[in-house]
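Text of the file input_25.txt, holding compact mmCIF, C-alpha atoms:
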# COMPACT_ATOMS: atom_id res chain seq x y z
CA MET A 1 -58.12 -86.95 -63.09
CA ILE A 2 -56.58 -83.64 -62.04
CA ASP A 3 -56.15 -83.31 -58.33
CA PRO A 4 -56.17 -79.67 -57.28
CA ALA A 5 -55.34 -80.65 -53.68
CA LEU A 6 -51.82 -81.31 -54.79
CA GLY A 7 -49.28 -78.84 -53.52
CA SER A 8 -47.69 -78.73 -56.95
CA LEU A 9 -50.91 -77.27 -58.33
CA GLY A 10 -50.96 -74.40 -55.87
CA ALA A 11 -52.81 -75.86 -52.88
CA GLN A 12 -51.41 -75.02 -49.45
CA ILE A 13 -51.82 -76.14 -45.87
CA VAL A 14 -52.52 -72.95 -43.97
CA LEU A 15 -52.97 -74.45 -40.52
CA ALA A 16 -52.28 -77.70 -38.69
CA ALA A 17 -52.87 -78.32 -35.00
CA SER A 18 -49.81 -80.53 -34.56
CA SER A 19 -46.44 -80.83 -36.11
CA ASP A 20 -43.56 -83.24 -35.97
CA GLU A 21 -40.70 -81.71 -37.97
CA ASN A 22 -40.15 -85.00 -39.70
CA HIS A 23 -43.82 -85.44 -40.62
CA PRO A 24 -45.10 -81.98 -41.59
CA PRO A 25 -48.66 -81.31 -42.77
CA GLU A 26 -47.43 -80.59 -46.31
CA ASN A 27 -47.10 -84.37 -46.63
CA ILE A 28 -50.90 -84.49 -46.88
CA ILE A 29 -50.91 -82.70 -50.25
CA ASP A 30 -47.76 -84.11 -51.84
CA GLY A 31 -49.73 -86.82 -53.65
CA ASN A 32 -47.78 -89.59 -51.96
CA THR A 33 -49.38 -91.99 -49.46
CA GLU A 34 -45.99 -93.03 -48.11
CA THR A 35 -45.40 -89.65 -46.51
CA PHE A 36 -47.78 -88.44 -43.82
CA TRP A 37 -48.67 -85.85 -41.22
CA MET A 38 -48.77 -87.17 -37.70
CA SER A 39 -50.82 -85.72 -34.87
CA THR A 40 -48.86 -85.29 -31.66
CA GLY A 41 -51.42 -85.90 -28.96
CA MET A 42 -54.92 -85.00 -27.72
CA PHE A 43 -58.09 -84.34 -29.70
CA PRO A 44 -59.50 -82.53 -31.58
CA GLN A 45 -56.87 -82.18 -34.31
CA GLU A 46 -57.32 -80.14 -37.45
CA PHE A 47 -55.76 -78.88 -40.64
CA ILE A 48 -56.91 -76.47 -43.33
CA ILE A 49 -56.24 -76.79 -47.05
CA ARG A 50 -56.34 -73.66 -49.22
CA PHE A 51 -56.91 -74.09 -52.95
CA ALA A 52 -55.30 -71.92 -55.57
CA GLU A 53 -58.76 -70.71 -56.54
CA SER A 54 -62.40 -71.27 -55.66
CA MET A 55 -63.54 -74.66 -56.91
CA LYS A 56 -66.43 -77.10 -57.13
CA ILE A 57 -65.82 -80.29 -55.17
CA ALA A 58 -67.67 -83.52 -55.90
CA LEU A 59 -65.63 -85.88 -53.77
CA VAL A 60 -62.83 -85.88 -51.20
CA THR A 61 -60.69 -88.97 -50.77
CA MET A 62 -58.68 -89.35 -47.59
CA HIS A 63 -55.96 -91.87 -46.77
CA CYS A 64 -55.32 -91.96 -43.05
CA TYR A 65 -54.76 -94.18 -40.01
CA ASN A 66 -56.58 -94.43 -36.66
CA VAL A 67 -59.06 -91.66 -37.48
CA LYS A 68 -62.42 -92.35 -35.86
CA THR A 69 -64.60 -89.30 -36.37
CA LEU A 70 -64.00 -86.55 -38.89
CA LYS A 71 -65.79 -83.28 -39.55
CA ILE A 72 -65.30 -81.28 -42.72
CA GLU A 73 -66.01 -77.57 -42.98
CA LYS A 74 -65.67 -75.23 -45.93
CA SER A 75 -64.99 -71.57 -46.45
CA ILE A 76 -65.65 -69.51 -49.54
CA SER A 77 -63.69 -66.47 -48.34
CA ASP A 78 -60.13 -65.66 -49.42
CA ASP A 79 -58.71 -65.60 -45.91
CA ALA A 80 -59.94 -68.80 -44.25
CA THR A 81 -62.80 -67.33 -42.24
CA ASP A 82 -66.51 -68.10 -41.87
CA PHE A 83 -66.33 -71.86 -42.02
CA GLU A 84 -69.52 -73.85 -42.28
CA ALA A 85 -69.97 -77.53 -41.55
CA ILE A 86 -70.55 -79.68 -44.62
CA SER A 87 -69.89 -83.27 -43.60
CA GLU A 88 -69.37 -85.55 -40.63
CA LYS A 89 -68.12 -89.13 -40.88
CA GLU A 90 -67.18 -92.05 -38.70
CA PHE A 91 -64.43 -94.23 -40.20
CA GLU A 92 -63.95 -97.94 -39.68
CA HIS A 93 -60.93 -99.07 -37.74
CA THR A 94 -58.28 -100.78 -39.85
CA GLU A 95 -55.25 -102.69 -38.73
CA GLY A 96 -52.14 -103.19 -40.81
CA HIS A 97 -53.28 -100.97 -43.66
CA LEU A 98 -54.45 -97.41 -44.21
CA GLN A 99 -58.03 -96.26 -44.00
CA THR A 100 -59.23 -95.10 -47.41
CA ASN A 101 -62.49 -93.19 -47.44
CA ASP A 102 -64.45 -91.30 -50.06
CA ILE A 103 -66.54 -88.42 -48.82
CA PRO A 104 -69.04 -87.03 -51.36
CA LEU A 105 -69.46 -83.26 -51.19
CA ASN A 106 -72.02 -82.90 -54.01
CA GLY A 107 -70.32 -80.19 -56.01
CA THR A 108 -70.03 -77.68 -53.19
CA THR A 109 -67.92 -74.58 -53.89
CA ALA A 110 -64.98 -73.77 -51.61
CA THR A 111 -61.68 -71.94 -51.34
CA HIS A 112 -60.68 -73.74 -48.16
CA LEU A 113 -61.49 -77.08 -46.57
CA ARG A 114 -61.02 -77.62 -42.88
CA PHE A 115 -60.65 -81.18 -41.58
CA ILE A 116 -61.29 -81.74 -37.90
CA VAL A 117 -60.47 -85.11 -36.37
CA THR A 118 -62.64 -85.17 -33.27
CA SER A 119 -61.58 -88.61 -32.05
CA GLY A 120 -59.24 -91.44 -32.92
CA TYR A 121 -58.79 -95.17 -32.42
CA ASP A 122 -55.44 -94.43 -30.79
CA HIS A 123 -53.67 -91.52 -29.07
CA PHE A 124 -52.23 -90.45 -32.41
CA VAL A 125 -53.57 -90.34 -35.96
CA SER A 126 -51.83 -89.90 -39.29
CA VAL A 127 -53.10 -88.42 -42.54
CA HIS A 128 -51.27 -89.60 -45.66
CA ARG A 129 -53.15 -88.02 -48.49
CA VAL A 130 -56.18 -85.91 -49.26
CA SER A 131 -57.32 -85.58 -52.85
CA VAL A 132 -60.37 -83.89 -54.35
CA GLU A 133 -62.36 -84.25 -57.54
CA MET B 1 -38.00 -81.95 -32.79
CA VAL B 2 -41.49 -82.89 -31.71
CA LYS B 3 -43.74 -81.23 -29.22
CA LEU B 4 -46.26 -83.74 -27.94
CA ARG B 5 -49.40 -82.94 -25.98
CA SER B 6 -50.75 -85.17 -23.32
CA ARG B 7 -53.91 -85.09 -21.27
CA CYS B 8 -52.85 -86.18 -17.79
CA LEU B 9 -55.53 -87.23 -15.37
CA LEU B 10 -54.59 -86.65 -11.71
CA VAL B 11 -56.83 -88.67 -9.42
CA GLY B 12 -56.98 -90.31 -6.00
CA ASP B 13 -58.85 -89.89 -2.71
CA ALA B 14 -59.46 -86.45 -1.21
CA ALA B 15 -56.61 -84.87 0.78
CA VAL B 16 -53.86 -87.21 -0.41
CA GLY B 17 -52.02 -84.20 -1.85
CA LYS B 18 -52.86 -84.17 -5.55
CA SER B 19 -53.10 -80.40 -5.79
CA ALA B 20 -50.00 -79.93 -3.61
CA LEU B 21 -48.11 -82.26 -5.93
CA SER B 22 -49.25 -80.59 -9.14
CA GLN B 23 -48.59 -77.10 -7.75
CA MET B 24 -45.09 -78.10 -6.61
CA PHE B 25 -44.45 -79.49 -10.04
CA ARG B 26 -45.80 -76.44 -11.81
CA SER B 27 -43.83 -73.96 -9.70
CA ASP B 28 -40.61 -76.01 -9.58
CA GLY B 29 -40.94 -76.32 -5.83
CA ALA B 30 -41.63 -72.66 -5.15
CA HIS B 31 -45.20 -73.07 -4.05
CA PHE B 32 -46.33 -75.41 -1.27
CA GLN B 33 -49.72 -74.50 0.06
CA LYS B 34 -49.69 -75.08 3.80
CA ASN B 35 -53.41 -74.70 4.34
CA TYR B 36 -55.62 -77.35 2.87
CA SER B 37 -58.11 -76.13 0.33
CA MET B 38 -60.35 -78.74 -1.15
CA THR B 39 -60.59 -78.96 -4.92
CA ALA B 40 -64.27 -79.10 -5.81
CA GLY B 41 -63.99 -79.32 -9.59
CA VAL B 42 -61.13 -79.86 -11.99
CA GLU B 43 -58.10 -77.58 -12.02
CA LEU B 44 -55.94 -77.40 -15.07
CA VAL B 45 -52.15 -77.12 -14.76
CA VAL B 46 -50.10 -76.93 -17.96
CA LYS B 47 -46.38 -77.55 -18.03
CA SER B 48 -43.92 -78.65 -20.63
CA VAL B 49 -41.37 -81.36 -19.85
CA ASN B 50 -38.21 -81.92 -21.88
CA ILE B 51 -37.36 -85.49 -22.73
CA PRO B 52 -33.72 -86.13 -21.75
CA GLU B 53 -31.26 -86.79 -24.58
CA THR B 54 -33.68 -85.59 -27.26
CA SER B 55 -34.87 -82.19 -28.47
CA ASP B 56 -38.45 -83.35 -27.93
CA SER B 57 -40.86 -82.20 -25.26
CA VAL B 58 -44.22 -83.20 -23.88
CA GLU B 59 -46.70 -80.58 -22.82
CA LEU B 60 -48.70 -82.02 -19.94
CA TYR B 61 -52.25 -80.79 -19.48
CA ILE B 62 -52.78 -81.94 -15.91
CA PHE B 63 -56.43 -82.31 -14.94
CA ASP B 64 -56.31 -82.10 -11.15
CA SER B 65 -59.65 -83.68 -10.36
CA ALA B 66 -61.50 -83.52 -7.02
CA GLY B 67 -61.12 -86.66 -4.89
CA ARG B 68 -64.17 -86.20 -2.73
CA GLU B 69 -66.93 -88.60 -3.72
CA THR B 70 -69.62 -85.91 -3.91
CA PHE B 71 -67.78 -84.16 -6.74
CA VAL B 72 -66.44 -87.08 -8.69
CA GLU B 73 -69.38 -87.64 -10.97
CA ALA B 74 -69.43 -84.02 -12.12
CA CYS B 75 -65.65 -84.05 -12.60
CA GLU B 76 -65.72 -87.20 -14.72
CA LYS B 77 -67.60 -85.26 -17.39
CA LEU B 78 -64.53 -83.09 -17.83
CA TRP B 79 -62.01 -85.91 -18.12
CA GLY B 80 -62.49 -86.46 -21.84
CA GLN B 81 -60.20 -89.04 -23.37
CA PRO B 82 -57.09 -89.16 -21.15
CA SER B 83 -53.58 -89.78 -22.51
CA VAL B 84 -51.82 -90.66 -19.26
CA LEU B 85 -52.76 -91.28 -15.64
CA CYS B 86 -51.28 -90.10 -12.33
CA LEU B 87 -52.93 -91.98 -9.47
CA VAL B 88 -52.08 -90.66 -5.99
CA PHE B 89 -52.52 -92.06 -2.47
CA ASP B 90 -51.24 -91.06 0.96
CA VAL B 91 -48.65 -93.49 2.43
CA SER B 92 -50.03 -92.70 5.90
CA SER B 93 -53.52 -93.82 4.90
CA GLU B 94 -54.23 -97.47 4.12
CA LEU B 95 -57.74 -96.41 3.11
CA SER B 96 -56.49 -94.09 0.35
CA PHE B 97 -54.33 -96.94 -0.99
CA SER B 98 -57.22 -99.39 -1.01
CA SER B 99 -59.24 -96.92 -3.10
CA CYS B 100 -56.71 -97.00 -5.92
CA GLY B 101 -58.29 -100.01 -7.63
CA ARG B 102 -61.61 -98.22 -7.81
CA TRP B 103 -59.98 -95.09 -9.23
CA LEU B 104 -58.24 -97.14 -11.86
CA GLU B 105 -61.52 -98.76 -12.93
CA ARG B 106 -63.15 -95.37 -13.20
CA VAL B 107 -60.41 -93.99 -15.39
CA ARG B 108 -60.30 -97.07 -17.60
CA ALA B 109 -63.99 -96.64 -18.32
CA HIS B 110 -63.03 -93.40 -20.08
CA CYS B 111 -60.29 -94.93 -22.21
CA GLN B 112 -62.39 -96.85 -24.74
CA GLY B 113 -60.18 -99.88 -24.51
CA LEU B 114 -57.06 -97.85 -25.23
CA HIS B 115 -53.95 -98.52 -23.19
CA ILE B 116 -52.88 -95.45 -21.27
CA PRO B 117 -49.48 -95.18 -19.54
CA GLY B 118 -49.70 -94.48 -15.83
CA VAL B 119 -47.89 -93.93 -12.56
CA LEU B 120 -48.86 -94.67 -8.98
CA VAL B 121 -47.66 -92.07 -6.48
CA GLY B 122 -47.34 -92.62 -2.74
CA ASN B 123 -47.32 -89.06 -1.39
CA LYS B 124 -46.48 -87.73 2.11
CA SER B 125 -43.37 -89.91 2.37
CA ASP B 126 -42.14 -87.49 5.07
CA LEU B 127 -44.68 -88.93 7.53
CA SER B 128 -42.51 -91.97 8.21
CA SER B 129 -43.73 -92.56 11.76
CA ARG B 130 -47.36 -92.66 10.59
CA ARG B 131 -46.76 -94.76 7.52
CA GLU B 132 -49.46 -97.40 6.92
CA VAL B 133 -48.53 -98.55 3.41
CA GLU B 134 -45.15 -100.20 2.90
CA THR B 135 -43.21 -99.29 -0.20
CA SER B 136 -42.89 -102.92 -1.28
CA VAL B 137 -46.66 -103.49 -1.08
CA ALA B 138 -47.43 -100.41 -3.17
CA GLN B 139 -44.68 -101.26 -5.61
CA GLU B 140 -46.03 -104.76 -6.11
CA TRP B 141 -49.59 -103.59 -6.69
CA ALA B 142 -48.42 -100.90 -9.11
CA GLN B 143 -46.50 -103.47 -11.08
CA SER B 144 -49.47 -105.83 -11.23
CA GLN B 145 -51.48 -102.96 -12.78
CA GLY B 146 -48.78 -101.91 -15.22
CA LEU B 147 -48.04 -98.67 -13.39
CA GLN B 148 -44.67 -97.20 -12.44
CA TYR B 149 -44.32 -96.45 -8.73
CA HIS B 150 -42.94 -93.26 -7.18
CA GLU B 151 -42.86 -91.92 -3.63
CA THR B 152 -42.98 -88.19 -3.09
CA SER B 153 -43.26 -85.59 -0.41
CA ALA B 154 -44.79 -82.41 -1.72
CA LYS B 155 -44.11 -80.85 1.68
CA GLU B 156 -40.40 -81.62 1.66
CA MET B 157 -40.12 -81.01 -2.10
CA GLU B 158 -39.01 -84.58 -2.42
CA ASN B 159 -39.16 -86.21 -5.84
CA CYS B 160 -42.20 -84.20 -7.05
CA GLU B 161 -40.98 -83.98 -10.63
CA ALA B 162 -40.30 -87.69 -11.01
CA PRO B 163 -43.84 -88.97 -11.61
CA PHE B 164 -44.50 -86.35 -14.26
CA LEU B 165 -41.17 -86.89 -15.97
CA SER B 166 -41.97 -90.62 -16.06
CA LEU B 167 -45.35 -89.95 -17.63
CA ALA B 168 -43.81 -87.67 -20.24
CA GLN B 169 -41.22 -90.31 -21.09
CA LEU B 170 -43.83 -93.08 -21.30
CA PHE B 171 -45.98 -90.96 -23.59
CA HIS B 172 -42.98 -90.07 -25.73
CA ALA B 173 -42.08 -93.77 -26.03
CA LEU B 174 -45.67 -94.51 -27.05
CA TYR B 175 -45.42 -91.88 -29.79
CA GLN B 176 -42.18 -93.34 -31.11
CA ASP B 177 -43.75 -96.79 -31.14
CA ARG B 178 -46.87 -95.64 -33.04
CA LEU B 179 -44.76 -93.64 -35.46
CA GLN B 180 -42.78 -96.78 -36.23
CA THR B 181 -45.97 -98.74 -36.84
CA ILE B 182 -47.29 -96.13 -39.24
CA GLN B 183 -43.99 -95.87 -41.07
CA ASN B 184 -44.09 -99.61 -41.62
CA LEU B 185 -47.56 -99.36 -43.15
CA ALA B 186 -46.58 -96.94 -45.83

What does this structure look like when you write it as structure tokens?
Amino acid sequence: MIDPALGSLGAQIVLAASSDENHPPENIIDGNTETFWMSTGMFPQEFIIRFAESMKIALVTMHCYNVKTLKIEKSISDDATDFEAISEKEFEHTEGHLQTNDIPLNGTTATHLRFIVTSGYDHFVSVHRVSVE
Amino acid sequence: MVKLRSRCLLVGDAAVGKSALSQMFRSDGAHFQKNYSMTAGVELVVKSVNIPETSDSVELYIFDSAGRETFVEACEKLWGQPSVLCLVFDVSSELSFSSCGRWLERVRAHCQGLHIPGVLVGNKSDLSSRREVETSVAQEWAQSQGLQYHETSAKEMENCEAPFLSLAQLFHALYQDRLQTIQNLA
């Protein structure tokens, strides 16, 4: 499986609402679940992934911790504008291990995906990896 | 370097000096409003606090919420999910101190079971001859509720920064703790 969300394949994070120098948002697309992006307080929190080119997305897989509700929006423009909502999920709370969730997107086409964490199970959430198929 | 953001709820009975305290804090003591003006809704004060001995800071979004009963219900809708709590009473009013338990319950109902760091502030410490609440009594109650206790006088510019610095430090410590937990998961 090729994962175009990987930074090494040209994907970029173009925006993140929070940043701890030691846990930057690029950790979301480095393909490694041991590194992570950490939110630094208050909700909502969001980040936007830009793909190297427009692509069809069947499924997004997200590894995270303490995320309660998540909204996903997509854009088909080149400059991250005109987002439209495509999915909304509530994740189960986990303790002692990461939350792993598959979100089917039914082959939708996008150049950007925007992830909005609207609430969490704690004051802070972390996102370890996002991959797409 | 980390810049944290914290939603700080500022509550307590009407006229205990919540707005005076937050304005003194915001203006570094330059602005004490002598005439009372009642807060009818929620006023937002934003100020960043540096955490000593680190390069980190906490940006406090202080929600100065009306104390008068008539307005409380409407204000509660704006509280959202608080990060930290600043609960204020007037040391010259036993009544305002006895309301603190009720305020705490109200706030906790918004926290969805989440622990939020908090401070109890006895304001108007300059009114020593009219004092009705002894420091030791307030201190003891604060401790029993897991709150840090501070006494301030917004009028005399006494100690007004301390409660907010405490809250910033508590929130920063919470972040470090959660970060550690998450690092251990990976």

Worksheet entry | Spatial neighbours of stretch 44-53 of chain A, max dist 7 Å, all atoms listed in the file, sep filter under 5 positions, as a ChimeraX atom specification | /A:5,10-17,111-119

Would you mind exporting C-alpha atoms of the selected residues as a PDB file, in the coordinates of the input?
ATOM      1  CA  ALA A   5     -55.340 -80.650 -53.680  1.00  0.00           C
ATOM      2  CA  GLY A  10     -50.960 -74.400 -55.870  1.00  0.00           C
ATOM      3  CA  ALA A  11     -52.810 -75.860 -52.880  1.00  0.00           C
ATOM      4  CA  GLN A  12     -51.410 -75.020 -49.450  1.00  0.00           C
ATOM      5  CA  ILE A  13     -51.820 -76.140 -45.870  1.00  0.00           C
ATOM      6  CA  VAL A  14     -52.520 -72.950 -43.970  1.00  0.00           C
ATOM      7  CA  LEU A  15     -52.970 -74.450 -40.520  1.00  0.00           C
ATOM      8  CA  ALA A  16     -52.280 -77.700 -38.690  1.00  0.00           C
ATOM      9  CA  ALA A  17     -52.870 -78.320 -35.000  1.00  0.00           C
ATOM     10  CA  THR A 111     -61.680 -71.940 -51.340  1.00  0.00           C
ATOM     11  CA  HIS A 112     -60.680 -73.740 -48.160  1.00  0.00           C
ATOM     12  CA  LEU A 113     -61.490 -77.080 -46.570  1.00  0.00           C
ATOM     13  CA  ARG A 114     -61.020 -77.620 -42.880  1.00  0.00           C
ATOM     14  CA  PHE A 115     -60.650 -81.180 -41.580  1.00  0.00           C
ATOM     15  CA  ILE A 116     -61.290 -81.740 -37.900  1.00  0.00           C
ATOM     16  CA  VAL A 117     -60.470 -85.110 -36.370  1.00  0.00           C
ATOM     17  CA  THR A 118     -62.640 -85.170 -33.270  1.00  0.00           C
ATOM     18  CA  SER A 119     -61.580 -88.610 -32.050  1.00  0.00           C
TER      19      SER A 119
END

Discussion item. If the cut-off is 9 Å, can you tell me the residues of chain A near chain B, counting all atoms listed in the file? I'd like them as a ChimeraX atom specification.
Written reply: /A:18-22,33-36,38-43,65,96-98,119,121-124,126,128

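Put simply, atom CA of B:Lys34 is 15.6 Å away from atom CA of B:Glu158.
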
Discussion item. What's the separation between atom CA of B:Asp90 and atom CA of B:Gly146, in Å to one decimal place?
Written reply: 19.6 Å

Fill in: Closest of B:Ala74, B:Lys155, B:Glu69, B:Val107 to B:Asn35 - atom-to-atom distances counting only C-alpha atoms
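The answer is B:Lys155, which sits nearest to B:Asn35.
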
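The closest residue to B:Val46, picked from B:Val137, B:Ala66, B:Cys8, B:Ala14 and counting only C-alpha atoms, is B:Cys8.
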
Item to complete: Grab the atom CA of A:Leu70 to atom CA of A:Pro25 distance for me, in Å with one decimal place.
Response: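 Computed distance, atom CA of A:Leu70 to atom CA of A:Pro25, equals 16.7 Å.
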
Discussion item. From the options B:Pro52, B:Gly41, B:Gly12, B:Gly122, which residue's atoms come nearest to B:Ala168, counting all atoms listed in the file?
Written reply: B:Pro52
